[in-house]
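As provided, work30.txt (compact mmCIF, C-alpha atoms and all ligand atoms) reads as follows.
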```txt
# COMPACT_ATOMS: atom_id res chain seq x y z
CA MET M 28 1.15 15.91 -37.11
CA LYS M 29 1.09 12.14 -37.34
CA SER M 30 0.47 9.38 -34.83
CA THR M 31 2.27 6.73 -36.86
CA PHE M 32 5.37 4.62 -36.12
CA GLY M 33 7.49 2.29 -38.19
CA LYS M 34 8.92 1.51 -41.59
CA ASN M 35 8.44 -2.26 -42.02
CA LEU M 36 5.57 -2.57 -39.58
CA THR M 37 3.54 0.63 -39.53
CA VAL M 38 1.36 1.32 -36.53
CA SER M 39 -1.12 4.23 -36.66
CA LEU M 40 -3.03 5.16 -33.55
CA PHE M 41 -6.39 6.94 -33.66
CA GLY M 42 -9.04 8.23 -31.30
CA GLU M 43 -9.63 10.33 -28.20
CA SER M 44 -10.47 9.37 -24.64
CA HIS M 45 -14.08 10.63 -24.83
CA GLY M 46 -14.70 10.17 -28.57
CA PRO M 47 -16.77 7.26 -29.94
CA ALA M 48 -13.82 4.88 -30.25
CA ILE M 49 -10.05 4.41 -30.16
CA GLY M 50 -7.99 2.06 -32.29
CA VAL M 51 -4.96 1.14 -34.31
CA VAL M 52 -4.14 0.26 -37.92
CA ILE M 53 -1.20 -2.16 -38.37
CA ASP M 54 0.29 -2.44 -41.84
CA GLY M 55 3.13 -4.75 -42.83
CA LEU M 56 1.84 -7.96 -41.28
CA ALA M 57 2.49 -11.03 -43.44
CA PRO M 58 -0.51 -12.96 -44.77
CA GLY M 59 -1.39 -16.23 -43.05
CA ILE M 60 -0.43 -15.52 -39.43
CA PRO M 61 -2.83 -17.49 -37.19
CA LEU M 62 -4.09 -15.17 -34.45
CA ASP M 63 -5.20 -16.24 -30.99
CA LEU M 64 -7.78 -13.59 -30.13
CA ALA M 65 -7.85 -14.86 -26.53
CA HIS M 66 -4.26 -13.65 -26.11
CA ILE M 67 -5.27 -10.14 -27.25
CA ARG M 68 -8.18 -10.28 -24.76
CA ARG M 69 -5.86 -11.41 -21.93
CA GLN M 70 -3.36 -8.61 -22.54
CA LEU M 71 -6.15 -6.01 -22.68
CA ASP M 72 -7.45 -7.36 -19.36
CA LEU M 73 -4.01 -6.85 -17.81
CA ARG M 74 -4.18 -3.15 -18.75
CA ARG M 75 -7.82 -2.66 -17.83
CA ALA M 76 -8.60 -0.62 -14.72
CA GLY M 77 -9.85 -2.74 -11.85
CA GLY M 78 -10.19 -2.42 -8.08
CA GLU M 79 -9.21 0.34 -5.68
CA ILE M 80 -5.72 0.92 -7.05
CA SER M 81 -6.98 2.02 -10.48
CA THR M 82 -9.28 4.69 -11.88
CA ALA M 83 -13.03 4.32 -11.31
CA ARG M 84 -13.44 4.58 -15.12
CA GLN M 85 -13.60 0.84 -15.70
CA GLU M 86 -14.10 0.09 -19.39
CA GLY M 87 -14.82 -3.36 -20.84
CA ASP M 88 -12.29 -2.74 -23.66
CA GLU M 89 -14.17 -5.04 -26.04
CA PHE M 90 -12.19 -5.02 -29.28
CA GLU M 91 -13.30 -5.56 -32.86
CA ILE M 92 -11.05 -6.38 -35.80
CA LEU M 93 -12.43 -4.43 -38.75
CA SER M 94 -10.00 -5.40 -41.49
CA GLY M 95 -6.98 -7.55 -42.36
CA PHE M 96 -8.26 -10.70 -40.62
CA PHE M 97 -10.19 -13.52 -42.28
CA ASN M 98 -10.62 -17.24 -41.50
CA ASP M 99 -8.64 -16.85 -38.21
CA HIS M 100 -5.55 -15.59 -40.07
CA THR M 101 -4.09 -12.25 -41.10
CA THR M 102 -4.72 -11.40 -44.75
CA GLY M 103 -1.61 -9.25 -45.22
CA THR M 104 -3.66 -6.08 -45.77
CA PRO M 105 -3.88 -3.35 -43.08
CA LEU M 106 -5.34 -4.80 -39.89
CA THR M 107 -7.61 -2.40 -37.99
CA ILE M 108 -8.56 -2.87 -34.34
CA MET M 109 -11.26 -0.71 -32.81
CA ILE M 110 -12.25 -0.38 -29.14
CA LYS M 111 -15.41 1.60 -28.39
CA ASN M 112 -15.45 4.11 -25.52
CA SER M 113 -18.44 3.65 -23.27
CA GLN M 114 -17.68 4.98 -19.79
CA THR M 115 -17.14 8.63 -20.74
CA ARG M 116 -18.27 11.34 -18.32
CA SER M 117 -17.28 14.46 -20.23
CA LYS M 118 -19.05 16.90 -17.90
CA ASP M 119 -16.21 16.30 -15.38
CA TYR M 120 -13.96 18.24 -17.74
CA GLU M 121 -16.31 21.11 -18.62
CA LYS M 122 -15.85 23.14 -15.41
CA THR M 123 -12.07 22.99 -15.53
CA LYS M 124 -11.58 23.00 -19.30
CA ASN M 125 -9.61 26.25 -19.26
CA LEU M 126 -7.40 25.17 -16.36
CA LEU M 127 -4.22 23.42 -17.49
CA ARG M 128 -3.43 20.30 -15.48
CA PRO M 129 0.15 20.47 -14.13
CA GLY M 130 2.21 17.50 -15.36
CA HIS M 131 -0.35 16.63 -18.06
CA ALA M 132 -0.35 17.49 -21.77
CA ASP M 133 -3.14 20.12 -21.61
CA TYR M 134 -0.81 23.09 -22.19
CA THR M 135 1.41 21.46 -24.83
CA ALA M 136 -1.60 20.03 -26.73
CA PHE M 137 -3.26 23.46 -26.66
CA ILE M 138 -0.14 25.07 -28.16
CA LYS M 139 0.38 22.36 -30.80
CA TYR M 140 -3.23 22.09 -31.98
CA GLY M 141 -4.15 25.73 -31.49
CA GLY M 142 -7.15 24.98 -29.27
CA TRP M 143 -8.79 22.57 -31.74
CA GLN M 144 -7.87 19.46 -29.71
CA ASP M 145 -10.47 17.37 -27.89
CA TYR M 146 -9.53 18.17 -24.29
CA ARG M 147 -12.05 15.80 -22.66
CA GLY M 148 -10.25 13.23 -20.53
CA GLY M 149 -6.89 14.20 -22.04
CA GLY M 150 -8.16 13.53 -25.60
CA HIS M 151 -5.52 11.85 -27.78
CA PHE M 152 -3.01 12.17 -24.89
CA SER M 153 -4.99 9.97 -22.54
CA GLY M 154 -3.52 6.77 -21.12
CA ARG M 155 -6.62 5.19 -22.65
CA LEU M 156 -4.91 5.29 -26.06
CA THR M 157 -2.58 2.59 -24.76
CA ALA M 158 -5.38 -0.01 -25.05
CA PRO M 159 -5.09 -0.32 -28.87
CA ILE M 160 -1.31 -0.37 -28.50
CA VAL M 161 -1.66 -3.38 -26.20
CA ALA M 162 -3.89 -5.08 -28.79
CA ALA M 163 -1.39 -4.41 -31.61
CA GLY M 164 1.49 -5.58 -29.43
CA ALA M 165 -0.41 -8.77 -28.56
CA ILE M 166 -0.37 -9.69 -32.27
CA CYS M 167 3.42 -9.19 -32.44
CA GLU M 168 3.88 -11.11 -29.17
CA GLN M 169 2.30 -14.10 -30.93
CA ILE M 170 4.60 -13.78 -33.96
CA LEU M 171 7.63 -13.55 -31.67
CA ALA M 172 6.48 -16.40 -29.40
CA ALA M 173 6.27 -18.69 -32.46
CA HIS M 174 10.01 -17.96 -32.86
CA GLY M 175 10.70 -18.73 -29.19
CA VAL M 176 10.92 -15.09 -28.02
CA ILE M 177 9.31 -14.38 -24.62
CA ILE M 178 8.74 -10.87 -23.23
CA GLY M 179 7.80 -10.04 -19.65
CA THR M 180 7.73 -7.04 -17.32
CA HIS M 181 7.52 -6.78 -13.55
CA LEU M 182 7.06 -3.89 -11.14
CA ALA M 183 10.69 -3.63 -10.02
CA GLU M 184 9.78 -0.72 -7.75
CA CYS M 185 6.64 1.16 -6.77
CA ALA M 186 6.43 4.03 -4.29
CA GLY M 187 10.01 3.22 -3.25
CA ILE M 188 9.22 -0.45 -2.47
CA ALA M 189 11.43 -2.89 -4.42
CA ASP M 190 10.33 -6.27 -5.80
CA ALA M 191 12.71 -9.28 -5.79
CA PRO M 192 15.23 -9.00 -8.65
CA LEU M 193 14.87 -10.94 -11.90
CA PRO M 194 17.06 -14.08 -11.92
CA THR M 195 20.11 -13.85 -14.17
CA ALA M 196 20.28 -17.45 -15.49
CA GLU M 197 18.22 -17.64 -18.71
CA THR M 198 16.18 -20.78 -17.89
CA GLU M 199 15.21 -19.39 -14.49
CA LEU M 200 14.53 -15.99 -16.05
CA GLN M 201 12.16 -17.58 -18.60
CA GLN M 202 10.24 -19.35 -15.81
CA THR M 203 9.99 -16.12 -13.83
CA LEU M 204 8.69 -14.22 -16.89
CA GLN M 205 6.05 -16.89 -17.49
CA ALA M 206 4.96 -16.67 -13.82
CA VAL M 207 4.90 -12.86 -13.87
CA ASN M 208 3.00 -12.79 -17.20
CA ALA M 209 0.19 -14.81 -15.62
CA ARG M 210 -0.30 -12.21 -12.86
CA GLN M 211 -2.56 -9.18 -12.86
CA PHE M 212 -0.23 -7.32 -10.46
CA ALA M 213 3.16 -8.29 -11.89
CA VAL M 214 5.53 -8.85 -8.98
CA ILE M 215 7.88 -11.72 -8.18
CA ASP M 216 7.54 -11.33 -4.40
CA ASP M 217 3.87 -11.32 -3.23
CA GLN M 218 4.72 -9.68 0.09
CA LYS M 219 6.35 -6.74 -1.71
CA GLY M 220 3.37 -6.62 -4.06
CA GLU M 221 1.02 -6.23 -1.09
CA GLU M 222 3.21 -3.43 0.33
CA MET M 223 3.07 -1.68 -3.06
CA ARG M 224 -0.73 -1.92 -3.19
CA GLN M 225 -0.96 -0.46 0.32
CA ALA M 226 1.35 2.41 -0.68
CA ILE M 227 -0.86 3.14 -3.74
CA LEU M 228 -3.98 3.16 -1.53
CA ALA M 229 -2.29 5.40 1.04
CA ALA M 230 -1.34 7.89 -1.70
CA LYS M 231 -4.93 7.80 -2.98
CA GLN M 232 -6.25 8.55 0.51
CA ASN M 233 -3.92 11.55 0.63
CA LEU M 234 -5.34 12.72 -2.73
CA ASP M 235 -1.95 12.01 -4.24
CA SER M 236 -0.31 9.52 -6.62
CA VAL M 237 2.87 7.40 -6.85
CA GLY M 238 5.26 6.20 -9.56
CA GLY M 239 7.81 3.44 -9.96
CA VAL M 240 10.12 1.43 -12.16
CA LEU M 241 9.12 -1.34 -14.58
CA GLU M 242 11.76 -3.91 -15.53
CA THR M 243 11.37 -5.72 -18.85
CA ALA M 244 13.23 -8.81 -20.03
CA VAL M 245 13.22 -10.54 -23.42
CA CYS M 246 14.44 -14.16 -23.68
CA GLY M 247 15.02 -16.42 -26.65
CA LEU M 248 16.47 -13.83 -29.02
CA PRO M 249 19.09 -14.80 -31.57
CA ALA M 250 22.27 -12.72 -31.93
CA GLY M 251 22.36 -10.33 -34.88
CA ILE M 252 19.04 -8.44 -34.80
CA GLY M 253 19.25 -4.63 -34.97
CA GLU M 254 20.95 -2.02 -37.08
CA PRO M 255 24.02 0.12 -36.40
CA PHE M 256 23.55 3.72 -35.25
CA PHE M 257 20.07 5.08 -36.06
CA ASN M 258 18.00 1.92 -35.83
CA SER M 259 19.92 0.27 -33.01
CA VAL M 260 17.85 -2.02 -30.79
CA GLU M 261 18.14 0.58 -28.01
CA SER M 262 17.01 3.42 -30.32
CA VAL M 263 13.96 1.62 -31.69
CA LEU M 264 12.93 0.35 -28.25
CA ALA M 265 13.49 3.80 -26.73
CA HIS M 266 11.42 5.43 -29.50
CA LEU M 267 8.44 3.26 -28.59
CA ILE M 268 8.94 3.08 -24.83
CA PHE M 269 9.18 6.89 -24.61
CA SER M 270 5.95 7.09 -26.63
CA VAL M 271 4.09 5.65 -23.63
CA PRO M 272 2.50 8.48 -21.63
CA ALA M 273 4.12 8.95 -18.20
CA VAL M 274 7.46 7.31 -19.14
CA LYS M 275 10.29 9.60 -18.08
CA GLY M 276 13.39 7.39 -17.87
CA LEU M 277 14.90 4.31 -19.50
CA GLU M 278 18.12 2.37 -18.97
CA PHE M 279 19.46 -0.76 -20.65
CA GLY M 280 21.39 -3.38 -18.66
CA ALA M 281 23.49 -1.69 -15.97
CA GLY M 282 22.35 1.66 -17.48
CA PHE M 283 23.34 4.65 -15.36
CA GLY M 284 25.21 2.21 -13.08
CA PHE M 285 27.89 1.98 -15.82
CA ALA M 286 28.92 5.52 -14.95
CA ARG M 287 30.33 4.33 -11.61
CA MET M 288 31.88 1.06 -12.87
CA ARG M 289 35.35 0.21 -14.15
CA GLY M 290 35.77 -1.52 -17.48
CA SER M 291 37.01 -4.63 -15.70
CA ALA M 292 33.68 -4.92 -13.86
CA ALA M 293 31.45 -3.57 -16.64
CA ASN M 294 32.59 -5.87 -19.48
CA ASP M 295 30.67 -9.09 -19.96
CA PRO M 296 33.22 -11.92 -20.40
CA LEU M 297 32.46 -14.25 -23.33
CA ARG M 298 32.56 -18.04 -23.26
CA MET M 299 31.44 -21.07 -25.24
CA ASP M 300 28.28 -22.85 -24.13
CA GLY M 301 28.28 -25.95 -26.37
CA ASP M 302 28.52 -24.36 -29.81
CA LYS M 303 26.84 -21.13 -28.70
CA ILE M 304 28.76 -17.97 -27.69
CA ILE M 305 27.36 -16.45 -24.51
CA THR M 306 28.49 -13.94 -21.87
CA THR M 307 28.95 -14.85 -18.21
CA SER M 308 27.34 -11.59 -17.03
CA ASN M 309 24.81 -9.37 -18.81
CA HIS M 310 25.61 -5.77 -17.85
CA ASN M 311 25.04 -4.72 -21.47
CA GLY M 312 21.46 -5.96 -21.33
CA GLY M 313 21.77 -8.23 -24.37
CA ILE M 314 22.81 -5.48 -26.82
CA ASN M 315 26.24 -4.52 -28.21
CA GLY M 316 26.69 -2.00 -31.02
CA GLY M 317 22.91 -1.68 -31.28
CA ILE M 318 22.61 -5.38 -32.19
CA THR M 319 21.33 -8.29 -30.07
CA ASN M 320 24.14 -10.51 -28.73
CA GLY M 321 21.89 -13.49 -27.94
CA MET M 322 21.68 -12.77 -24.20
CA PRO M 323 18.35 -11.58 -22.71
CA ILE M 324 17.51 -7.93 -23.36
CA ILE M 325 16.98 -6.19 -20.02
CA PHE M 326 15.77 -2.61 -19.53
CA ARG M 327 14.24 -0.52 -16.78
CA THR M 328 11.61 2.19 -17.33
CA ALA M 329 10.72 5.00 -14.91
CA ILE M 330 6.99 5.77 -14.70
CA LYS M 331 6.01 9.06 -13.13
CA PRO M 332 3.20 9.49 -10.57
CA THR M 333 -0.19 10.19 -12.19
CA PRO M 334 -0.36 13.92 -12.90
CA SER M 335 -4.13 14.27 -12.21
CA ILE M 336 -4.32 14.38 -8.41
CA TYR M 337 -7.22 15.62 -6.30
CA GLN M 338 -5.30 18.16 -4.20
CA PRO M 339 -5.75 21.84 -5.12
CA GLN M 340 -2.92 22.78 -7.50
CA ARG M 341 -1.54 26.05 -8.79
CA THR M 342 -2.05 26.54 -12.50
CA VAL M 343 -3.13 28.98 -15.18
CA ASP M 344 -6.54 29.72 -16.70
CA PHE M 345 -5.49 29.98 -20.33
CA ALA M 346 -8.70 31.69 -21.46
CA ALA M 347 -8.46 34.44 -18.80
CA ARG M 348 -4.64 34.34 -18.94
CA GLN M 349 -4.32 34.54 -15.20
CA ASP M 350 -3.07 32.39 -12.33
CA ALA M 351 -5.67 30.03 -10.91
CA THR M 352 -6.23 27.07 -8.60
CA LEU M 353 -7.26 23.73 -10.06
CA GLN M 354 -9.42 21.24 -8.19
CA ILE M 355 -9.64 18.20 -10.45
CA GLU M 356 -12.81 16.26 -11.01
CA GLY M 357 -12.91 13.22 -13.32
CA ARG M 358 -11.64 9.72 -12.62
CA HIS M 359 -7.94 8.98 -12.42
CA ASP M 360 -5.43 6.26 -11.57
CA PRO M 361 -3.64 6.77 -8.23
CA ALA M 362 -0.73 4.93 -9.93
CA ILE M 363 -0.08 4.24 -13.59
CA ILE M 364 2.69 1.68 -13.23
CA HIS M 365 0.66 -1.55 -12.93
CA ARG M 366 -1.46 -0.57 -15.94
CA ALA M 367 1.57 0.52 -18.01
CA ARG M 368 3.18 -2.90 -17.64
CA PRO M 369 1.36 -4.69 -20.53
CA VAL M 370 1.88 -1.52 -22.59
CA LEU M 371 5.65 -1.93 -22.26
CA ASP M 372 5.39 -5.59 -23.30
CA ALA M 373 3.38 -4.48 -26.34
CA MET M 374 5.82 -1.72 -27.32
CA THR M 375 8.72 -4.16 -26.93
CA ALA M 376 6.98 -6.65 -29.22
CA LEU M 377 6.27 -3.95 -31.84
CA ALA M 378 9.88 -2.73 -31.76
CA LEU M 379 11.37 -6.22 -32.05
CA THR M 380 9.00 -7.22 -34.87
CA GLU M 381 10.02 -4.07 -36.77
CA LEU M 382 13.69 -5.00 -36.30
CA PHE M 383 13.21 -8.68 -37.15
CA ILE M 384 11.44 -7.76 -40.42
CA GLU M 385 14.29 -5.36 -41.24
CA ALA M 386 16.81 -8.16 -40.67
CA ARG M 387 14.91 -11.11 -42.14
CA GLY M 388 12.12 -9.80 -44.36
CA THR M 389 8.32 -9.90 -44.16
CA ALA M 390 8.22 -13.68 -44.71
CA TRP M 391 10.06 -14.19 -41.37
CA GLN M 392 6.70 -13.64 -39.65
CA THR M 393 5.37 -16.97 -40.90
CA THR M 394 8.65 -18.84 -41.48
CA LEU M 395 9.50 -20.87 -38.43
CA ASP M 396 13.20 -21.32 -37.54
C1 LIG X 1 -2.06 3.16 -18.65
C2 LIG X 1 -1.98 4.64 -18.36
C3 LIG X 1 -2.96 5.23 -17.58
C4 LIG X 1 -2.92 6.60 -17.28
N1 LIG X 1 -3.90 7.14 -16.50
C5 LIG X 1 -3.84 8.47 -16.20
C6 LIG X 1 -4.86 9.06 -15.40
O1 LIG X 1 -5.80 8.40 -14.94
N2 LIG X 1 -4.75 10.40 -15.15
C7 LIG X 1 -3.72 11.15 -15.61
O2 LIG X 1 -3.64 12.33 -15.33
N3 LIG X 1 -2.74 10.61 -16.36
C8 LIG X 1 -2.78 9.30 -16.68
N4 LIG X 1 -1.79 8.76 -17.47
C9 LIG X 1 -0.63 9.58 -17.83
C10 LIG X 1 -0.89 10.69 -18.82
O3 LIG X 1 -1.50 10.19 -19.99
C11 LIG X 1 0.45 11.41 -19.15
O4 LIG X 1 1.12 11.75 -17.98
C12 LIG X 1 0.18 12.67 -19.97
O5 LIG X 1 -0.30 12.31 -21.25
C13 LIG X 1 1.42 13.53 -20.14
O6 LIG X 1 2.44 12.83 -20.80
P1 LIG X 1 3.89 12.65 -20.14
O7 LIG X 1 3.66 12.27 -18.70
O8 LIG X 1 4.52 11.53 -20.92
O9 LIG X 1 4.62 13.94 -20.26
C14 LIG X 1 -1.84 7.38 -17.78
C15 LIG X 1 -0.85 6.77 -18.57
C16 LIG X 1 -0.90 5.41 -18.85
C17 LIG X 1 0.19 4.78 -19.68
```
Using structure tokens, write down the structure that the file contains.
Amino acid sequence: MKSTFGKNLTVSLFGESHGPAIGVVIDGLAPGIPLDLAHIRRQLDLRRAGGEISTARQEGDEFEILSGFFNDHTTGTPLTIMIKNSQTRSKDYEKTKNLLRPGHADYTAFIKYGGWQDYRGGGHFSGRLTAPIVAAGAICEQILAAHGVIIGTHLAECAGIADAPLPTAETELQQTLQAVNARQFAVIDDQKGEEMRQAILAAKQNLDSVGGVLETAVCGLPAGIGEPFFNSVESVLAHLIFSVPAVKGLEFGAGFGFARMRGSAANDPLRMDGDKIITTSNHNGGINGGITNGMPIIFRTAIKPTPSIYQPQRTVDFAARQDATLQIEGRHDPAIIHRARPVLDAMTALALTELFIEARGTAWQTTLD
């Protein structure tokens, strides 16, 4: 019954959506890492609800570092980040507390915790718990950036509307990631972004919700990070990406497209680029045998439509043990995808830091190449 990930870098998540606070404890950080708190603030702002396309529960997400940070640097002891909850409206959940929300974790949480779980606002299963994850990831993003590693995610698709594709050439890809990272609504093509927003608003007007696909790229990685079999780069990334609520699919490189390709088209030919070995295509998404090959890591994540919708839905009253109709109250996102985007960046940073420490030791965090 633990909410902890990692061996080298341990991340423990705590809190409930309507409790006093949520947060994270990160253990395994090296001493002496300078932290830019403004970067943590920026990433939290990218996840924060805002405007018509997000939930009306709009929290400030002010964070406090309670331990492991002194004189602007990490101390090497467990670093605790806390974010207070302020905009709770728990009465919204009282009337329907016995009605299990279809597509949400109400039923499974009830079974696992035997009814002792805090059900208000989804409790520990709320998307709100992704705020401390973003804060923890923002620390790892800084460690990785000091080693030249850049992570970025765009909304490749939302409500069936596709964004422009990521460029394949690494220099262009890096520029695109930097441009996308500076945006609140992370699209490459503004026109497509506007169409996506309109589709989210239309779904909201119909008391419904929409999903989409996030595409993440990581540039600047050396070859040789990752372990064979159980701690392959794909496995560790998948472990964390699938921990994000509402993630239901993940593919690396050509992913499911490989199933329809021939080897001659699927293989990435190798060539020399100065004294570096590169591939001329990147269908394998930067990973071979579970280990980085020096090309950008590319993966695509399917995000489902928000389960809490305002249409009447068929469900079960678990106290009365009879069929019932649920009419949701409470405040919910008509789409999760734009808010999940910095969460994927954070999870990617946590996974890669874990793998880098495995390959190069704790001191790697403060040893520049
Ligand atoms: C950033 C973010 C925001 C979310 N907001 C909501 C929300 O407002 N309402 C809701 O029902 N689910 C929301 N979710 C999704 C639920 O937390 C998730 O669907 C639920 O815990 C069940 O988990 P599963 O979809 O992974 O099976 C959100 C998820 C994320 C990542």
Residue nearest Leu297 (chain M) among M:Asn112, M:Thr328, M:Thr342, M:Asn320 (counting all atoms listed in the file):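 Looking only at the distances to Leu297 (chain M), the closest residue turns out to be M:Asn320.
Summary of the local environment: counting all atoms listed in the file, residues at most 10 Å from region 73-78 of chain M, other than itself and those fewer than 6 positions away along its chain, are Arg84, Gln85, Glu86, Gly87, Asp88, Arg155, Thr157, Ala158, Val161, Asn208, Ala209, Arg210, Gln211, Phe212, Ala213, His359, Asp360, Ile363, His365, Arg366, Ala367, Arg368, Pro369 and Val370 of chain M.
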Give me, as a Markdown table, each residue of chain M that comes within 8 Å of ligand LIG 1 (chain X), together with its shortest interatomic pair and the distance in Å at one decimal, counting all atoms listed in the file, with rows ordered by chain and rising residue number.
```
| residue | atom | partner | partner_atom | distance |
| --- | --- | --- | --- | --- |
| M:Arg74 | CA | X:LIG1 | C1 | 6.7 |
| M:Ser81 | CA | X:LIG1 | O1 | 7.9 |
| M:Thr82 | CA | X:LIG1 | O1 | 5.9 |
| M:Arg128 | CA | X:LIG1 | O2 | 8.0 |
| M:Gly130 | CA | X:LIG1 | C13 | 6.3 |
| M:His131 | CA | X:LIG1 | C13 | 4.1 |
| M:Ala132 | CA | X:LIG1 | C13 | 4.6 |
| M:Gly149 | CA | X:LIG1 | O5 | 6.9 |
| M:Phe152 | CA | X:LIG1 | O5 | 4.5 |
| M:Ser153 | CA | X:LIG1 | O3 | 4.3 |
| M:Gly154 | CA | X:LIG1 | C15 | 3.7 |
| M:Arg155 | CA | X:LIG1 | C3 | 6.3 |
| M:Thr157 | CA | X:LIG1 | C1 | 6.2 |
| M:Ala158 | CA | X:LIG1 | C1 | 7.9 |
| M:Phe269 | CA | X:LIG1 | O8 | 7.5 |
| M:Ser270 | CA | X:LIG1 | O8 | 7.4 |
| M:Val271 | CA | X:LIG1 | C17 | 5.6 |
| M:Pro272 | CA | X:LIG1 | O8 | 3.7 |
| M:Ala273 | CA | X:LIG1 | O7 | 3.4 |
| M:Val274 | CA | X:LIG1 | O8 | 5.4 |
| M:Lys275 | CA | X:LIG1 | O8 | 6.7 |
| M:Lys331 | CA | X:LIG1 | O7 | 6.8 |
| M:Thr333 | CA | X:LIG1 | N3 | 4.9 |
| M:Pro334 | CA | X:LIG1 | O2 | 4.4 |
| M:Ser335 | CA | X:LIG1 | O2 | 3.7 |
| M:Ile336 | CA | X:LIG1 | O2 | 7.2 |
| M:Arg358 | CA | X:LIG1 | O1 | 6.4 |
| M:His359 | CA | X:LIG1 | O1 | 3.4 |
| M:Asp360 | CA | X:LIG1 | O1 | 4.0 |
| M:Pro361 | CA | X:LIG1 | O1 | 7.2 |
| M:Ala362 | CA | X:LIG1 | N1 | 7.6 |
| M:Ile363 | CA | X:LIG1 | C3 | 5.0 |
| M:Ile364 | CA | X:LIG1 | C1 | 7.4 |
| M:His365 | CA | X:LIG1 | C1 | 7.9 |
| M:Arg366 | CA | X:LIG1 | C1 | 4.6 |
| M:Ala367 | CA | X:LIG1 | C1 | 4.5 |
| M:Val370 | CA | X:LIG1 | C17 | 7.1 |
```
M:Lys118, M:Ile314, M:Gly357, M:Gly164 ranked by distance to Ile178 (chain M), top pick (using only C-alpha atoms):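 Using only C-alpha atoms, the shortest distance to Ile178 (chain M) belongs to M:Gly164.
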Tell me which of M:Thr306, M:Thr31, M:Lys139, M:Pro159 sits closest to Ala250 (chain M), counting only C-alpha atoms.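 Among the listed residues, M:Thr306 lies closest to Ala250 (chain M).
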Nearest to Ala378 (chain M), chosen from M:Pro129, M:Gly179, M:Pro194, M:Gly253, with only C-alpha atoms counted in the distances: M:Gly253
With all atoms listed in the file as the basis for distance, which of M:Ser117, M:Thr307, M:Ser30, M:Asn233 is at the shortest distance from Gly42 (chain M)? M:Ser30
Å distance separating CA of Leu56 (chain M) from CA of Glu197 (chain M), one decimal place: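 So the answer is 29.5 Å.
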Mind pulling up the distance from CA of Gly317 (chain M) to CA of Asp295 (chain M)? 15.6 Å
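Counting from CA of Ala281 (chain M), the distance to CA of Leu182 (chain M) is 17.3 Å.
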